[in-house]
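J.: One structure is given below, represented as structure tokens, and several questions about it will come after.
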Amino acid sequence: MDNTVNLQSEEGFTHNDGIQVVAFRLGKEEYAVDILHVQEIVRLLNITRVPRSAKHIEGVVNLRGNIVPIINLHQRFTIESAGEEEDKRIVVFQFDDFKAGIIVDEVSEVLALNSNDIEETDKVYSSMSSDFIKGIARVDNRLFLLLDLQKIIE
Amino acid sequence: MKKDMSQYLDVFLEESKEHLESLNQKLLDWEKNPGDIAALNEIFRAAHTLKGMSSTMGFEDLADLTHHMENILSDLKEGLLEVNPQVVDILFQCFDRLQQIIERIESNGSGKIDNSELLMILEGIKSGGFQIAASTASNGQDLKGEEILIPALSDTSSFEFNQYDMTVMREAASRNFSSIYIRLCVDPGCLMKSVRAFMVFKALEEDSEIIKSLPPASDIEEGNYEEEIELLVITASSIKELEKRINTISEIKVREIKEIDLASLSPGNRTGTNGDLPGDSRDAVKENKEMPKGHKVKQTVRVDIDRLDILMNLVGELVMHKGRLEQIGASSKIDELNETIEQIDRISGDLQSVVMKVRMVPVEQVFNRFPRMVRDLAKELNKEVDFLIEGKETELDRTVIDEIGDPLVHLLRNAVDHGVESPQERLKRGKPQKATVILRARHEGNNVYIEVEDDGAGINIKRTLEKAVEKGILSTKEAEVMSPEEASQILFNPGFSTTENITDVSGRGVGLDVVKTKIESLSGEIFVDSRPGQGTRFRIKLPLTLAIIQALMISVRDEIYAIPLGSVDETTMIKNEDIKMVQNQEVIVLRGNVLPLFRLTSLLEIPGEAAANEDEMYVVIVRKGERQIGLVVDTLIGQQEIVIKSLGRILAGIPSIAGAIVAGDGFVRLIIDIATLF
């Protein structure tokens with residue numbers, strides 16, 4: 001995978017009109033989330049299934065003594081998991097009063113996005129999963145879907 | 001408020017609330033038993049402290065009101081004012097106002113409030129007897145303002161005894177204590193009159209009880225007296241001993257000391273007094289006698305509850321890692337390691353029980369606010385209720401205490417509103433006019449039981465069933481075959497209320513189901529039993545603590561679960577042919593009882609292939625309320641101490657799962673919640 005990303009967008013970046021995101025891969029698609037919500041990225045942990053929970057809840061893990069629920073976005077977006085088992089990670093998010101993690105196939109990089117790069121979703125396409133997408137960022141020839149974490153968790 | 005005082009505000013608020021609670025409680029005690037001088041003294045003391053605190057903090061309105069209250073209390077104590085329901089009501093009103101003021105201080109800091117009408121009433125009581133109070137309280141009850149009994153000692157000027165003093169003295173005489181009158185004088189040049197007086201009190205209180213003093217004790221303690229102090233003392237010692245003891249105190253001299261001859265005091269018009277009084281004050285004297293012994297104050301430290309939670313979490317982590325060490329120890333077979341692990345096990349066990357005890361608080365904290373509530377409620381509904389509290393020293397985990405208040409309020413309101421009949425109706429049915437409501441707490445094993453019992457009409461089963469059918473909760477057919485026990489459980493159904501007329505108090509259709517949900521969220525259970533015409537009893541069963549429990553670890557296919565040991569009755573092994581089918585439900589017969597058999601694989605939708613069809617299987621017999629069921633599991637792993645962790649907001653409320661633990665191997669394991677499993 002091309003690791004050298006041309007961060008054109010970084011030019012002219014200021015705090016007012018841009019955000020930093022963590023970019024990762026689900027199947028063959030690329031996604032990104034606001035870095036402010038990301039607490040840490042860890043290797044796959046032993047996941048305990050939770051009976052009778054919602055379909056998209058993969059289970060819970062022990063993160064240094066804390067119980068953290070893990071959300072399966074592949075399930076939610078009906079994406080086939082792809083890539084090496086070795087590359088898979090759990091991205092742990094911290095919200096006001098709770099934590100949650102998602103399983104990703106690979107974490108690619110941290111990007112600074114200019115607000116000009118971000119298009120609203122309804123301009124691009126509408127589908128069921130677009131509810132969870134805040135927007136689409138275009139950097140070079142790559143597309144990053146920006147996830148709305150709050151909505152995913154609800 | 002003065003700026004430099006702000007740092008004390010938290011302490012002030014907390015202590016004020018405590019004093020207020022004690023005021024309410026003692027006034028209730030005293031209302032029930034006007035001979036209880038100890039209660040009155042306690043009220044006086046609390047009011048006095050509150051006054052001092054609030055004026056130091058600069059809350060003038062608060063201080064002013066307490067000051068006026070104190071005047072009334074002082075008159076009551078001196079017997080200058082007769083106790084009657086109006087005065088008590090006014091005092092309760094004052095307490096409510098104090099509460100309001102304190103709440104205001106808490107929310108916006110000023111605590112300014114117009115108390116003029118209350119102050120006027122208080123002034124009125126003090127100066128002109130009960131007329132004003134009576135007209136304001138307008139309770140329509142007869143005034144009991146009777147003559148105060150004042151037989152004066154023949155040769156002393158100002159000392160007078162009221163009826164309480166008399167009964168106390170009579171009681172003392174019957175127990176071979178003597179009542180002694182002492183007149184002391186203090187050296188006119190004495191600089192620390194209050195200290196001298198304190199020394200006198202201390203010397204006397206070794207084996208005596210001072211029941212009256214002139215000037216009042218509070219004035220003496222502040223040094224607000226001229227040269228003389230007059231005291232009435234009940235003592236087991238002789239006059240000589242007392243005299244000797246007092247005269248050893250410098251700058252103090254006994255002017256006069258003599259035993260009071262009860263017979264010589266004119267008996268006065270005792271016919272008008274309440275007939276129960278001698279009996280009541282007998283208890284009071286007993287309490288007085290016991291007080292000096294039980295009054296040793298233990299040293300305590302106030303700790304922020306958050307810190308205790310942190311401590312508890314740390315201990316939880318420790319217990320978890322101890323479990324891990326034990327596993328390593330078991331596999332490594334190093335003797336030294338295992339010995340150390342045993343030590344750690346012992347210490348962490350002790351530590352855990354200490355932390356647990358620190359978190360335990362007596363249910364008293366919650367119970368204390370109920371007497372007042374029940375009293376007000378009974379008055380409002382025109383019912384007569386005797387409210388008894390038993391076992392208030394029973395201890396419960398702090399987290400449970402915080403949550404249990406609301407459900408109990410609900411049950412008590414129910415008892416007074418729905419349970420207890422009106423006095424007329426009770427008389428008609430040949431019951432005592434005054435109903436009894438009991439709130440009881442007690443330990444039993446690893447559980448605490450809290451019961452709310454009334455001797456009212458009981459649950460009207462017929463009406464309950466009719467209503468259930470009407471509301472579509474039951475079909476007519478179901479209602480016909482229902483046993484009374486099952487029928488009373490319908491009360492816990494959402495949206496059910498049997499009261500015929502909706503009152504302010506309860507009966508808006510939300511009720512017992514909320515209580516039930518709350519109790520279950522605390523891993524508790526609630527039962528009701530009732531006898532028509534004789535009363536109703538609600539029983540709440542609660543775990544002692546929610547944080548660390550014993551659990552049975554079991555495995556089903558590849559998954560491991562914990563079942564709280566409190567729900568497990570026994571484990572057994574059955575053969576395939578022991579399983580019978582009844583109406584499409586697997587059952588087993590255990591010592592003559594037929595128990596339904598459930599498979600965790602299907603209840604918990606556990607994936608994977610069934611194990612090779614073995615002939616024998618393990619069954620865990622668990623209990624939910626009165627019901628027993630069997631759960632089929634693959635293996636019993638063993639008993640273990642577990643630290644319960646919450647699954648967090650996203651996974652909250654999943655049926656059949658009560659929480660999670662981090663096992664010794666680092667895996668998360670789930671705790672099965674029997675109450676919502678089936």
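Convention: chains lettered A, B, ... in structure tokens order; per-chain residue numbering from 1; ligands numbered from 1 as shown.
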Select from segment 285-391 of chain B everything DSSP, run on the backbone, classes as strand (DSSP E), then give the selection as a ChimeraX atom specification.
T.: /B:360-362,385-390
J.: Write out as a VMD selection string which residues come within 12 Å of Lys434 of chain B when counting only C-alpha atoms, dropping same-chain ones fewer than 4 positions away.
T.: chain B and resid 378 382 to 387 416 420 to 427 430 454 to 456
J.: Would you write out those residues with C-alpha atoms, as a PDB file, in the first residue's frame?
T.:
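Saved as again.pdb:
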ATOM      1  CA  ALA B 378     -51.264  10.501  57.848  1.00  0.00           C
ATOM      2  CA  ASN B 382     -56.870  12.041  58.127  1.00  0.00           C
ATOM      3  CA  LYS B 383     -55.573   8.688  59.203  1.00  0.00           C
ATOM      4  CA  GLU B 384     -54.072   7.689  62.481  1.00  0.00           C
ATOM      5  CA  VAL B 385     -50.842   5.828  62.085  1.00  0.00           C
ATOM      6  CA  ASP B 386     -48.280   4.561  64.518  1.00  0.00           C
ATOM      7  CA  PHE B 387     -45.038   4.304  62.613  1.00  0.00           C
ATOM      8  CA  VAL B 416     -50.565   4.784  54.457  1.00  0.00           C
ATOM      9  CA  VAL B 420     -54.403   1.679  56.135  1.00  0.00           C
ATOM     10  CA  GLU B 421     -58.128   2.346  56.501  1.00  0.00           C
ATOM     11  CA  SER B 422     -59.662   5.485  57.974  1.00  0.00           C
ATOM     12  CA  PRO B 423     -60.054   5.497  61.775  1.00  0.00           C
ATOM     13  CA  GLN B 424     -63.856   5.180  61.479  1.00  0.00           C
ATOM     14  CA  GLU B 425     -63.578   2.187  59.220  1.00  0.00           C
ATOM     15  CA  ARG B 426     -61.057   0.542  61.496  1.00  0.00           C
ATOM     16  CA  LEU B 427     -63.332   0.955  64.499  1.00  0.00           C
ATOM     17  CA  GLY B 430     -63.104  -3.959  65.424  1.00  0.00           C
ATOM     18  CA  ASP B 454     -49.189  -2.423  57.681  1.00  0.00           C
ATOM     19  CA  ASP B 455     -52.170  -3.767  59.570  1.00  0.00           C
ATOM     20  CA  GLY B 456     -54.616  -2.304  57.085  1.00  0.00           C
TER      21      GLY B 456
END
J.: What are the residues of chain A that have an atom within 9 Å of an atom of chain B, counting only C-alpha atoms, as a PyMOL selection string?
T.: chain A and resi 45-54+57+60-62+64-69+97-100+153-154
J.: Can those selected residues be exported to a file as a short mmCIF file (atom, residue, chain, number, x, y, z; two decimals), in the first residue's frame so that it contains N, CA and C atoms?
T.:
data_model
loop_
_atom_site.label_atom_id
_atom_site.label_comp_id
_atom_site.auth_asym_id
_atom_site.auth_seq_id
_atom_site.Cartn_x
_atom_site.Cartn_y
_atom_site.Cartn_z
N LEU A 45 -7.79 -7.84 20.63
CA LEU A 45 -7.81 -8.47 21.95
C LEU A 45 -8.84 -9.59 21.91
N ASN A 46 -8.84 -10.41 22.93
CA ASN A 46 -9.84 -11.47 23.00
C ASN A 46 -11.22 -10.85 23.22
N ILE A 47 -12.10 -11.10 22.31
CA ILE A 47 -13.42 -10.49 22.39
C ILE A 47 -14.41 -11.50 22.97
N THR A 48 -15.14 -11.07 23.97
CA THR A 48 -16.16 -11.93 24.56
C THR A 48 -17.52 -11.55 23.98
N ARG A 49 -18.19 -12.54 23.41
CA ARG A 49 -19.49 -12.29 22.82
C ARG A 49 -20.51 -11.93 23.90
N VAL A 50 -21.40 -11.01 23.62
CA VAL A 50 -22.45 -10.67 24.57
C VAL A 50 -23.78 -11.16 24.02
N PRO A 51 -24.37 -12.17 24.66
CA PRO A 51 -25.63 -12.72 24.14
C PRO A 51 -26.73 -11.67 24.16
N ARG A 52 -27.66 -11.82 23.25
CA ARG A 52 -28.86 -10.98 23.18
C ARG A 52 -28.55 -9.49 22.97
N SER A 53 -27.33 -9.16 22.56
CA SER A 53 -27.05 -7.75 22.30
C SER A 53 -27.35 -7.47 20.83
N ALA A 54 -27.26 -6.20 20.46
CA ALA A 54 -27.56 -5.82 19.08
C ALA A 54 -26.57 -6.50 18.12
N ILE A 57 -22.95 -5.33 17.68
CA ILE A 57 -22.01 -5.38 18.80
C ILE A 57 -21.24 -6.69 18.71
N VAL A 60 -17.28 -7.65 24.02
CA VAL A 60 -16.56 -6.74 24.92
C VAL A 60 -15.13 -7.22 25.09
N VAL A 61 -14.24 -6.27 25.35
CA VAL A 61 -12.84 -6.64 25.62
C VAL A 61 -12.40 -6.04 26.94
N ASN A 62 -11.29 -6.59 27.44
CA ASN A 62 -10.68 -6.06 28.65
C ASN A 62 -9.55 -5.15 28.24
N ARG A 64 -7.06 -3.03 29.83
CA ARG A 64 -6.41 -2.70 31.11
C ARG A 64 -7.42 -2.57 32.26
N GLY A 65 -8.26 -3.57 32.37
CA GLY A 65 -9.20 -3.60 33.49
C GLY A 65 -10.53 -2.92 33.20
N ASN A 66 -10.61 -2.17 32.11
CA ASN A 66 -11.89 -1.56 31.75
C ASN A 66 -12.61 -2.44 30.74
N ILE A 67 -13.92 -2.53 30.89
CA ILE A 67 -14.70 -3.29 29.93
C ILE A 67 -15.11 -2.34 28.80
N VAL A 68 -14.69 -2.66 27.58
CA VAL A 68 -15.00 -1.78 26.45
C VAL A 68 -15.80 -2.56 25.40
N PRO A 69 -16.97 -2.06 25.02
CA PRO A 69 -17.73 -2.73 23.97
C PRO A 69 -17.10 -2.50 22.59
N ASP A 97 -18.76 10.12 28.49
CA ASP A 97 -18.85 9.26 29.65
C ASP A 97 -18.70 7.78 29.30
N PHE A 98 -18.30 7.46 28.14
CA PHE A 98 -18.10 6.04 27.84
C PHE A 98 -17.08 5.84 26.72
N LYS A 99 -16.66 4.58 26.62
CA LYS A 99 -15.70 4.22 25.57
C LYS A 99 -16.32 3.17 24.68
N ALA A 100 -15.82 3.08 23.45
CA ALA A 100 -16.23 2.01 22.57
C ALA A 100 -15.11 1.81 21.56
N ILE A 153 -22.85 4.52 17.28
CA ILE A 153 -23.01 3.88 18.58
C ILE A 153 -24.47 3.80 18.99
N GLU A 154 -25.23 4.81 18.64
CA GLU A 154 -26.65 4.72 18.96
C GLU A 154 -27.31 3.69 18.07
#
J.: Would you work out the distance separating atom CA of Val643 of chain B from atom CA of Gln550 of chain B, expressed in Å to one decimal?
T.: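 That distance, rounded to one decimal, is 8.9 Å.
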J.: Looking at A:Asn72, A:Ser81, A:Gln39, A:Ser108, which one is nearest to Gly27 of chain A, with distances taken over only C-alpha atoms?
T.: A:Ser81
J.: Could you jot down the atom CA of Arg591 of chain B to atom CA of Ser567 of chain B separation for me, Å, one decimal place?
T.: 19.2 Å
J.: Just the number, please: distance in Å from atom CA of Ala137 of chain A to atom CA of Lys55 of chain A, one decimal.
T.: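 Here the two named atoms are 28.7 Å from each other.
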